[in-house]
file final-v5.cif (mmCIF, C-alpha atoms)
data_data
#
loop_
_atom_site.label_atom_id
_atom_site.label_comp_id
_atom_site.auth_asym_id
_atom_site.auth_seq_id
_atom_site.Cartn_x
_atom_site.Cartn_y
_atom_site.Cartn_z
CA MET A 82 -17.46 57.14 33.25
CA PHE A 83 -18.26 58.68 29.86
CA ILE A 84 -21.88 57.50 29.49
CA GLU A 85 -24.23 56.55 32.32
CA LEU A 86 -27.85 55.58 31.77
CA THR A 87 -29.71 54.89 35.02
CA ASP A 88 -33.18 53.31 35.10
CA ILE A 89 -34.19 54.74 31.73
CA GLU A 90 -37.87 54.25 30.84
CA LYS A 91 -39.67 55.22 27.64
CA TYR A 92 -43.36 54.89 26.78
CA TYR A 93 -45.31 55.65 23.61
CA ASP A 94 -49.07 56.13 23.33
CA ASP A 95 -50.23 53.56 20.78
CA GLY A 96 -53.39 55.53 19.92
CA ALA A 97 -55.70 52.97 21.52
CA ALA A 98 -55.60 54.36 25.05
CA LYS A 99 -52.72 52.03 25.85
CA SER A 100 -49.12 52.85 26.61
CA ASN A 101 -46.40 50.93 24.75
CA HIS A 102 -43.53 50.34 27.18
CA VAL A 103 -40.49 50.57 24.84
CA LEU A 104 -37.55 50.78 27.28
CA ARG A 105 -37.68 49.14 30.70
CA SER A 106 -35.28 50.26 33.43
CA VAL A 107 -32.30 50.43 31.07
CA ASN A 108 -28.91 50.79 32.75
CA MET A 109 -25.80 51.29 30.63
CA ARG A 110 -22.21 52.31 31.36
CA VAL A 111 -19.73 53.11 28.60
CA GLU A 112 -16.11 54.12 29.08
CA LYS A 113 -14.53 56.82 26.91
CA GLY A 114 -13.03 55.25 23.78
CA GLU A 115 -15.17 52.11 23.90
CA PHE A 116 -16.87 50.60 20.84
CA VAL A 117 -20.17 49.05 21.93
CA ALA A 118 -22.64 47.19 19.73
CA VAL A 119 -26.29 46.79 20.67
CA LYS A 120 -28.18 44.06 18.88
CA GLY A 121 -31.74 42.84 19.08
CA PRO A 122 -34.81 42.05 16.98
CA SER A 123 -36.89 44.69 15.22
CA GLY A 124 -39.16 46.47 17.66
CA SER A 125 -36.91 45.80 20.64
CA GLY A 126 -36.27 49.51 21.27
CA LYS A 127 -32.82 49.89 19.68
CA THR A 128 -33.57 53.06 17.73
CA THR A 129 -35.36 54.60 20.73
CA LEU A 130 -32.30 53.87 22.87
CA LEU A 131 -30.01 55.45 20.27
CA SER A 132 -32.29 58.51 20.04
CA ILE A 133 -32.02 59.01 23.80
CA LEU A 134 -28.24 58.58 23.69
CA GLY A 135 -28.15 61.17 20.89
CA ALA A 136 -30.24 63.68 22.88
CA LEU A 137 -32.91 63.55 20.18
CA LEU A 138 -35.45 62.09 22.59
CA GLN A 139 -35.91 62.54 26.32
CA PRO A 140 -36.71 59.53 28.50
CA ASP A 141 -39.91 59.49 30.55
CA LYS A 142 -37.98 58.36 33.61
CA GLY A 143 -34.36 57.91 34.57
CA ARG A 144 -31.11 59.82 34.21
CA TYR A 145 -28.61 60.21 31.36
CA LEU A 146 -25.13 61.55 32.03
CA LEU A 147 -22.84 62.28 29.08
CA ASN A 148 -19.29 63.07 30.16
CA GLY A 149 -20.64 64.32 33.48
CA LEU A 150 -23.41 66.47 31.98
CA ASP A 151 -26.98 65.55 32.90
CA ILE A 152 -28.69 65.41 29.49
CA THR A 153 -32.10 64.91 31.11
CA GLU A 154 -31.77 68.35 32.74
CA ALA A 155 -30.15 70.24 29.82
CA SER A 156 -33.10 70.76 27.46
CA THR A 157 -32.15 74.30 26.36
CA GLU A 158 -28.58 73.21 25.54
CA LEU A 159 -29.41 70.07 23.57
CA PRO A 160 -28.94 71.51 20.03
CA GLN A 161 -25.45 72.75 20.92
CA ILE A 162 -24.57 69.47 22.66
CA ARG A 163 -25.70 67.42 19.66
CA ASN A 164 -23.70 69.49 17.20
CA ARG A 165 -20.58 69.69 19.35
CA GLU A 166 -20.40 66.30 21.07
CA ILE A 167 -22.41 63.77 19.05
CA GLY A 168 -22.08 62.47 15.49
CA PHE A 169 -24.85 60.45 13.82
CA VAL A 170 -24.64 57.81 11.10
CA PHE A 171 -28.03 56.72 9.76
CA GLN A 172 -28.93 53.63 7.75
CA ASP A 173 -30.34 55.72 4.87
CA HIS A 174 -27.29 58.09 4.81
CA ARG A 175 -29.50 61.24 4.50
CA LEU A 176 -27.15 62.89 2.00
CA LEU A 177 -28.54 65.97 0.24
CA PRO A 178 -28.55 65.29 -3.52
CA GLN A 179 -27.96 68.93 -4.51
CA PHE A 180 -24.58 69.01 -2.75
CA THR A 181 -21.34 67.21 -3.59
CA ALA A 182 -19.90 64.60 -1.28
CA LEU A 183 -17.48 67.17 0.16
CA GLU A 184 -20.27 69.71 0.67
CA ASN A 185 -22.39 67.09 2.43
CA ILE A 186 -19.52 66.36 4.81
CA LEU A 187 -19.20 70.07 5.61
CA LEU A 188 -22.91 70.54 6.45
CA PRO A 189 -22.50 70.27 10.26
CA ALA A 190 -20.13 73.26 10.16
CA LEU A 191 -22.92 75.36 8.66
CA ALA A 192 -25.14 74.91 11.72
CA SER A 193 -23.28 77.77 13.42
CA ASN A 194 -21.47 79.53 10.55
CA SER A 195 -22.33 80.72 7.06
CA LYS A 196 -19.45 78.70 5.62
CA ALA A 197 -16.83 76.21 6.71
CA ASP A 198 -13.45 77.58 7.74
CA LYS A 199 -10.07 76.37 6.42
CA GLU A 200 -9.51 74.01 9.36
CA GLN A 201 -12.87 72.33 8.78
CA MET A 202 -12.23 72.11 5.04
CA ASP A 203 -8.82 70.54 5.63
CA TYR A 204 -10.27 68.08 8.13
CA ALA A 205 -13.05 67.12 5.72
CA ARG A 206 -10.45 66.27 3.08
CA LYS A 207 -8.44 64.34 5.69
CA LEU A 208 -11.54 62.29 6.53
CA LEU A 209 -12.11 61.59 2.84
CA ALA A 210 -8.55 60.28 2.66
CA ILE A 211 -8.88 58.21 5.86
CA THR A 212 -12.03 56.55 4.53
CA ASP A 213 -10.45 56.01 1.09
CA ILE A 214 -12.99 58.08 -0.88
CA ALA A 215 -10.99 61.20 -1.74
CA HIS A 216 -11.78 60.51 -5.40
CA VAL A 217 -15.54 61.14 -4.89
CA ALA A 218 -15.21 64.58 -3.23
CA GLU A 219 -16.80 66.45 -6.15
CA GLN A 220 -19.38 63.79 -7.04
CA TYR A 221 -23.08 64.10 -6.18
CA PRO A 222 -24.87 61.47 -4.04
CA PRO A 223 -26.85 59.86 -6.91
CA THR A 224 -23.53 58.89 -8.55
CA LEU A 225 -22.12 57.19 -5.43
CA SER A 226 -22.21 53.47 -4.66
CA GLY A 227 -23.83 52.34 -1.42
CA GLY A 228 -20.44 51.84 0.20
CA GLU A 229 -19.23 55.28 -0.90
CA ALA A 230 -22.41 56.94 0.39
CA SER A 231 -21.95 55.20 3.75
CA ARG A 232 -18.40 56.50 3.99
CA VAL A 233 -19.50 60.05 3.15
CA ALA A 234 -22.11 59.81 5.91
CA ILE A 235 -19.46 58.65 8.37
CA CYS A 236 -17.15 61.54 7.38
CA ARG A 237 -20.00 64.02 7.90
CA ALA A 238 -20.68 62.55 11.35
CA LEU A 239 -17.00 62.99 12.28
CA LEU A 240 -16.47 66.52 10.94
CA MET A 241 -17.02 68.32 14.26
CA LYS A 242 -14.71 65.84 16.02
CA PRO A 243 -17.47 64.49 18.28
CA SER A 244 -16.60 62.55 21.40
CA LEU A 245 -19.52 60.15 20.70
CA LEU A 246 -20.46 58.54 17.38
CA LEU A 247 -23.87 56.87 17.15
CA ALA A 248 -24.53 54.49 14.27
CA ASP A 249 -28.05 53.23 13.50
CA GLU A 250 -27.83 50.09 11.32
CA PRO A 251 -24.93 51.60 9.32
CA THR A 252 -24.55 48.44 7.21
CA GLY A 253 -28.25 47.66 6.83
CA GLN A 254 -28.53 48.61 3.15
CA LEU A 255 -25.20 47.16 2.04
CA ASP A 256 -24.14 43.82 0.60
CA SER A 257 -22.03 41.60 2.84
CA GLU A 258 -18.70 42.75 1.36
CA ASN A 259 -19.42 46.45 1.83
CA ALA A 260 -21.01 45.81 5.23
CA SER A 261 -17.79 44.16 6.38
CA LYS A 262 -15.74 47.10 5.07
CA ILE A 263 -17.89 49.68 6.88
CA ALA A 264 -17.72 47.68 10.12
CA SER A 265 -13.93 47.52 9.82
CA LEU A 266 -13.81 51.25 9.07
CA LEU A 267 -15.76 52.07 12.23
CA SER A 268 -13.37 49.92 14.22
CA GLU A 269 -10.39 51.74 12.69
CA ILE A 270 -11.96 55.14 13.47
CA ASN A 271 -12.45 54.03 17.06
CA ARG A 272 -8.78 53.03 17.30
CA SER A 273 -7.18 55.89 15.39
CA LEU A 274 -9.35 58.83 16.53
CA GLY A 275 -10.33 57.53 19.97
CA THR A 276 -13.99 58.20 19.24
CA THR A 277 -16.49 56.41 21.49
CA ILE A 278 -18.89 54.47 19.25
CA ILE A 279 -22.29 52.96 20.02
CA MET A 280 -23.83 51.05 17.13
CA VAL A 281 -27.18 49.30 16.87
CA THR A 282 -27.30 46.58 14.26
CA HIS A 283 -28.64 43.22 13.13
CA SER A 284 -25.36 42.42 11.38
CA GLU A 285 -23.15 39.72 12.88
CA GLU A 286 -20.20 41.07 10.83
CA ALA A 287 -20.70 44.48 12.39
CA VAL A 288 -21.03 43.34 16.02
CA ALA A 289 -17.87 41.25 15.69
CA THR A 290 -15.78 44.45 15.43
CA ALA A 291 -17.04 45.92 18.74
CA HIS A 292 -15.29 45.72 22.10
CA ARG A 293 -18.53 44.75 23.84
CA ILE A 294 -21.90 43.43 22.66
CA LEU A 295 -25.18 44.13 24.46
CA THR A 296 -28.60 42.71 23.62
CA LEU A 297 -31.87 44.62 23.80
CA LYS A 298 -34.98 42.48 23.95
CA ASP A 299 -38.50 43.67 24.77
CA GLY A 300 -37.05 46.93 26.05
CA VAL A 301 -34.65 45.24 28.47
CA LEU A 302 -30.90 45.67 27.99
CA GLN A 303 -28.80 42.59 28.74
#
call {"tool": "encode", "arguments": {"input": "final-v5.cif", "output": "structure tokens"}}
result
Amino acid sequence: MFIELTDIEKYYDDGAAKSNHVLRSVNMRVEKGEFVAVKGPSGSGKTTLLSILGALLQPDKGRYLLNGLDITEASTELPQIRNREIGFVFQDHRLLPQFTALENILLPALASNSKADKEQMDYARKLLAITDIAHVAEQYPPTLSGGEASRVAICRALLMKPSLLLADEPTGQLDSENASKIASLLSEINRSLGTTIIMVTHSEEAVATAHRILTLKDGVLQ
């Protein structure tokens, strides 16, 4: 099993001496190469779940195994695990405006080196071609359409060839046509690269492309 969540619990202090129970005994199993969509209303705990899966947040209780590694016991290794094993696609893209599209894609390589090597540069250009945006490589983020910016963000998330891609509402800021294209692109990436994908979304177009659909409601995964 590639991903195993066992009895995951997460609480937040709401500032009024009360504890907000966000995730309640969440159990989740994902096979390598699966494309899983998690849907649910706002406030249901989707982003918290994705943050735990991405090793950005530790659960208060429970166990998280990623490809056999216990993430809940690997606190000192988490930065390396995130950069090596996990790619993130955020709703707001988080592209740096002072860098070109190509330079934004290469940013993960700079976490451990002063500059990208030839292999990483070649792979970045391959990803631009796969996502059909090679023509925007030298453009800056303010000049990109929403769909183009989404594709740049996906390329950046894939640069280090992660085994797990996490997408947080990747179509949330797009019109229906571009949302459908991004959902189809994620499905194609899953098929062609074998990348395991977990996506949280409100979009029915997006969930339709997944192998399996789960629902999170009031912190309970169904």
call {"tool": "closest_residue", "arguments": {"input": "final-v5.cif", "among": "A:Tyr92, A:Phe169, A:Phe83, A:Phe116", "to": "Leu267 of chain A", "atoms": "only C-alpha atoms"}}
result
A:Phe116
call {"tool": "closest_atom_pairs", "arguments": {"input": "final-v5.cif", "of": "segment 194-280 of chain A", "to": "segment 287-295 of chain A", "cutoff": "12 Å", "atoms": "all atoms listed in the file", "output": "CSV"}}
result
residue,atom,partner,partner_atom,distance
A:Ala248,CA,A:Ala287,CA,10.9
A:Asp249,CA,A:Ala287,CA,11.5
A:Glu250,CA,A:Ala287,CA,9.1
A:Pro251,CA,A:Ala287,CA,8.8
A:Thr252,CA,A:Ala287,CA,7.6
A:Gly253,CA,A:Ala287,CA,9.9
A:Leu255,CA,A:Ala287,CA,11.6
A:Ser257,CA,A:Ala287,CA,10.1
A:Glu258,CA,A:Ala287,CA,11.3
A:Asn259,CA,A:Ala287,CA,10.8
A:Ala260,CA,A:Ala287,CA,7.3
A:Ser261,CA,A:Ala287,CA,6.7
A:Lys262,CA,A:Ala287,CA,9.2
A:Ile263,CA,A:Ala287,CA,8.1
A:Ala264,CA,A:Ala287,CA,4.9
A:Ser265,CA,A:Thr290,CA,6.7
A:Leu266,CA,A:Thr290,CA,9.5
A:Leu267,CA,A:Thr290,CA,8.3
A:Ser268,CA,A:Thr290,CA,6.1
A:Glu269,CA,A:Thr290,CA,9.5
A:Ile270,CA,A:Thr290,CA,11.5
A:Asn271,CA,A:Ala291,CA,9.5
A:Arg272,CA,A:His292,CA,10.9
A:Thr277,CA,A:His292,CA,10.8
A:Ile278,CA,A:Ala291,CA,8.8
A:Ile279,CA,A:Ala291,CA,8.9
A:Met280,CA,A:Val288,CA,8.3
call {"tool": "atom_distance", "arguments": {"input": "final-v5.cif", "atom1": "atom CA of Pro160 of chain A", "atom2": "atom CA of Val107 of chain A"}}
result
24.0 Å
call {"tool": "resolve_selection", "arguments": {"input": "final-v5.cif", "expression": "the PyMOL selection byres ((chain A and resi 82) around 9)", "output": "PDB file with C-alpha atoms, keeping the file's coordinate frame"}}
result
ATOM      1  CA  PHE A  83     -18.260  58.680  29.860  1.00  0.00           C
ATOM      2  CA  ILE A  84     -21.880  57.500  29.490  1.00  0.00           C
ATOM      3  CA  GLU A  85     -24.230  56.550  32.320  1.00  0.00           C
ATOM      4  CA  ARG A 110     -22.210  52.310  31.360  1.00  0.00           C
ATOM      5  CA  VAL A 111     -19.730  53.110  28.600  1.00  0.00           C
ATOM      6  CA  GLU A 112     -16.110  54.120  29.080  1.00  0.00           C
ATOM      7  CA  LYS A 113     -14.530  56.820  26.910  1.00  0.00           C
ATOM      8  CA  LEU A 146     -25.130  61.550  32.030  1.00  0.00           C
ATOM      9  CA  LEU A 147     -22.840  62.280  29.080  1.00  0.00           C
ATOM     10  CA  ASN A 148     -19.290  63.070  30.160  1.00  0.00           C
ATOM     11  CA  GLY A 149     -20.640  64.320  33.480  1.00  0.00           C
TER      12      GLY A 149
END
call {"tool": "closest_residue", "arguments": {"input": "final-v5.cif", "among": "A:Ala182, A:Val281, A:Val119, A:Leu246", "to": "Arg232 of chain A", "atoms": "only C-alpha atoms"}}
result
A:Ala182
call {"tool": "closest_residue", "arguments": {"input": "final-v5.cif", "among": "A:Cys236, A:Leu137, A:Ala118, A:Ala210", "to": "His174 of chain A", "atoms": "all atoms listed in the file"}}
result
A:Cys236
call {"tool": "residues_around", "arguments": {"input": "final-v5.cif", "residues": "Ile167 of chain A", "least_positions_apart": "2", "cutoff": "12 Å", "atoms": "only C-alpha atoms", "output": "MDAnalysis selection string"}}
result
chainID A and resid 131:137 147:148 159:165 169:170 189 237:248 276:279
call {"tool": "closest_residue", "arguments": {"input": "final-v5.cif", "among": "A:Ala205, A:Ala190, A:Leu176, A:Thr129", "to": "Thr224 of chain A", "atoms": "only C-alpha atoms"}}
result
A:Leu176
call {"tool": "closest_residue", "arguments": {"input": "final-v5.cif", "among": "A:Thr153, A:Gln220, A:Ser193, A:Ser284", "to": "Gln254 of chain A", "atoms": "only C-alpha atoms"}}
result
A:Ser284
call {"tool": "residues_around", "arguments": {"input": "final-v5.cif", "residues": "Leu86 of chain A", "least_positions_apart": "3", "cutoff": "6 Å", "atoms": "all atoms listed in the file", "output": "list in words"}}
result
Asn108, Met109, Arg144 and Tyr145 of chain A
call {"tool": "write_last_selection", "arguments": {"input": "final-v5.cif", "atoms": "C-alpha atoms", "output": "PDB file, in the coordinates of the input"}}
result
ATOM      1  CA  ASN A 108     -28.910  50.790  32.750  1.00  0.00           C
ATOM      2  CA  MET A 109     -25.800  51.290  30.630  1.00  0.00           C
ATOM      3  CA  ARG A 144     -31.110  59.820  34.210  1.00  0.00           C
ATOM      4  CA  TYR A 145     -28.610  60.210  31.360  1.00  0.00           C
TER       5      TYR A 145
END
call {"tool": "atom_distance", "arguments": {"input": "final-v5.cif", "atom1": "atom CA of Leu183 of chain A", "atom2": "atom CA of Gly228 of chain A"}}
result
15.6 Å
call {"tool": "atom_distance", "arguments": {"input": "final-v5.cif", "atom1": "atom CA of Thr282 of chain A", "atom2": "atom CA of Leu225 of chain A"}}
result
23.0 Å
call {"tool": "closest_residue", "arguments": {"input": "final-v5.cif", "among": "A:Ala218, A:Ala192, A:Leu209, A:Leu274", "to": "Gly114 of chain A", "atoms": "only C-alpha atoms"}}
result
A:Leu274
